[in-house]
Amino acid sequence: MSDSNPVVRIESDGLNGAGLSLWPAMDPSDLVSGTPVEHGHLYDEIEDIDYSVGVWDCTAFDDKPGPYPVDEYMLLLSGSVEMVMPDGGAITVNAGDVFVIPKGLECQWKMPGTVRKIFMILDGADVGNAQNYSLERITLLRSVFADAPSNACVSTRQTLFVNHDGKMQTFVESFGHPFTGARETIGRQIVTVLNGQVGSSGASKDQSVKGDSFYLRDVQNLKWAIAAGTTLIVAQCHL
């Protein structure tokens, strides 16, 4: 990651709007159709464990059905994706949706047009016999940029996804009251503001508002200012 700030705004056109770089071509043997052209920008990467965070843009293609190779959290910025399951059922993901695909899930990725997304990837150990319903489905949160519900009196946290060894999670936090002070951050996080406003002493931008995403890399001891009625969705990796 090339920005020295402890909290970095994730921009759809790469760091500071510098654009996305052309990535190597996909292996044609992995595809059913299409000649996809990929562009992207990585905000963070640890190659040894296939961990990465970034923005990805790609033209249309369909891949071959099979087990998904990694745990991946995604926020679709534009376009649509159809995930086809072994029983023939399909899940359509549209711009504004957040979804998580667990490692090992049997599915087929079909993209009728160009897609752009924010992603967090982790390639952990094999799933094995973990008793975790998150590993048996695609976790889908619809239209994160729509008005998210908030409670004027209560602050809540709802966990949506946990990978097989607990190192990767996705959860939603709602703040019924304003919050100012230190906030525990475990590992590395992508945080997207569904509603409200968030500020941090270490941010590369003074305030993040509805629709903004930012990345924290092992950040501690920051002062936060979170407005009442704020709802956040967080993808977290504890490496």
# chains A, B, ... in the order shown; residues from 1 in each chain; ligands from 1
>>> residues_around(residues="Leu75 (chain A)", least_positions_apart="6", cutoff="6 Å", atoms="only C-alpha atoms", output="list in words")
Asp97, Val98, Lys117 and Ile118 of chain A
>>> write_last_selection(atoms="N, CA, C and O atoms", output="short mmCIF file (atom, residue, chain, number, x, y, z; two decimals), in the first residue's frame")
data_model
loop_
_atom_site.label_atom_id
_atom_site.label_comp_id
_atom_site.auth_asym_id
_atom_site.auth_seq_id
_atom_site.Cartn_x
_atom_site.Cartn_y
_atom_site.Cartn_z
N ASP A 97 -24.58 -3.79 -4.13
CA ASP A 97 -24.70 -4.96 -3.25
C ASP A 97 -23.33 -5.35 -2.70
O ASP A 97 -22.30 -5.24 -3.38
N VAL A 98 -23.35 -5.83 -1.46
CA VAL A 98 -22.18 -6.45 -0.83
C VAL A 98 -22.41 -7.95 -0.80
O VAL A 98 -23.52 -8.41 -0.50
N LYS A 117 -15.46 -3.54 -8.74
CA LYS A 117 -15.75 -3.89 -7.36
C LYS A 117 -14.58 -3.51 -6.44
O LYS A 117 -13.44 -3.38 -6.88
N ILE A 118 -14.90 -3.34 -5.17
CA ILE A 118 -13.92 -3.31 -4.08
C ILE A 118 -13.88 -4.71 -3.51
O ILE A 118 -14.91 -5.36 -3.35
#
>>> residues_around(residues="Ala60 (chain A)", least_positions_apart="2", cutoff="12 Å", atoms="only C-alpha atoms", output="list in words")
Leu31, Val32, Ser33, Gly34, Thr35, Pro36, Val37, Glu38, Asp57, Cys58, Asp62, Asp63, Gly79, Ser80, Val81, Glu82, Trp109, Lys110, Met111, Pro112, Gly113, Thr114, Val115 and Arg116 of chain A
>>> residues_around(residues="Ile10 (chain A)", least_positions_apart="6", cutoff="9 Å", atoms="only C-alpha atoms", output="list of chain:residue names")
A:Asn16, A:Tyr43, A:Gly54, A:Val55, A:Ile118, A:Ile190, A:Asp212, A:Ser213, A:Phe214, A:Tyr215
>>> select_by_dssp(residues="region 6-138 of chain A", states="strand (DSSP E)", output="VMD selection string")
chain A and resid 7 to 10 21 to 22 31 to 33 38 to 46 51 to 58 61 to 63 66 to 67 71 to 78 80 to 84 90 to 94 98 to 101 106 to 111 115 to 122
>>> residues_around(residues="His39 (chain A)", least_positions_apart="4", cutoff="8 Å", atoms="only C-alpha atoms", output="short mmCIF file (atom, residue, chain, number, x, y, z; two decimals) with C-alpha atoms, in the first residue's frame")
data_model
loop_
_atom_site.label_atom_id
_atom_site.label_comp_id
_atom_site.auth_asym_id
_atom_site.auth_seq_id
_atom_site.Cartn_x
_atom_site.Cartn_y
_atom_site.Cartn_z
CA LEU A 20 -6.34 1.35 -12.52
CA SER A 21 -3.44 -0.63 -13.98
CA LEU A 22 -3.76 -3.33 -16.64
CA TRP A 23 -3.47 -6.79 -15.06
CA TRP A 56 -10.93 -4.55 -9.71
CA ASP A 57 -12.48 -3.80 -13.10
CA CYS A 58 -13.07 -6.42 -15.79
#
>>> atom_distance(atom1="CA of Ile101 (chain A)", atom2="CA of Met120 (chain A)")
10.8 Å
>>> closest_residue(among="A:Leu135, A:Ile49, A:Gln207, A:Gly14", to="Pro67 (chain A)", atoms="only C-alpha atoms")
A:Leu135
>>> atom_distance(atom1="CA of His164 (chain A)", atom2="CA of Asp218 (chain A)")
21.5 Å
>>> closest_residue(among="A:Phe179, A:Leu216, A:Leu122, A:Asp165", to="Ile46 (chain A)", atoms="only C-alpha atoms")
A:Leu122
>>> closest_residue(among="A:Gly96, A:Gln108, A:Phe119, A:Asn163", to="Ala146 (chain A)", atoms="only C-alpha atoms")
A:Gly96
>>> atom_distance(atom1="CA of Asp50 (chain A)", atom2="CA of Ser208 (chain A)")
28.6 Å
>>> residues_around(residues="Ala227 (chain A)", least_positions_apart="6", cutoff="10 Å", atoms="only C-alpha atoms", output="PyMOL selection string")
chain A and resi 175-180+195-199
>>> closest_residue(among="A:Leu232, A:Val219, A:Val193, A:Val209", to="Ser174 (chain A)", atoms="only C-alpha atoms")
A:Leu232
>>> closest_residue(among="A:Lys223, A:Arg217, A:Arg9, A:His238", to="Gly166 (chain A)", atoms="only C-alpha atoms")
A:His238
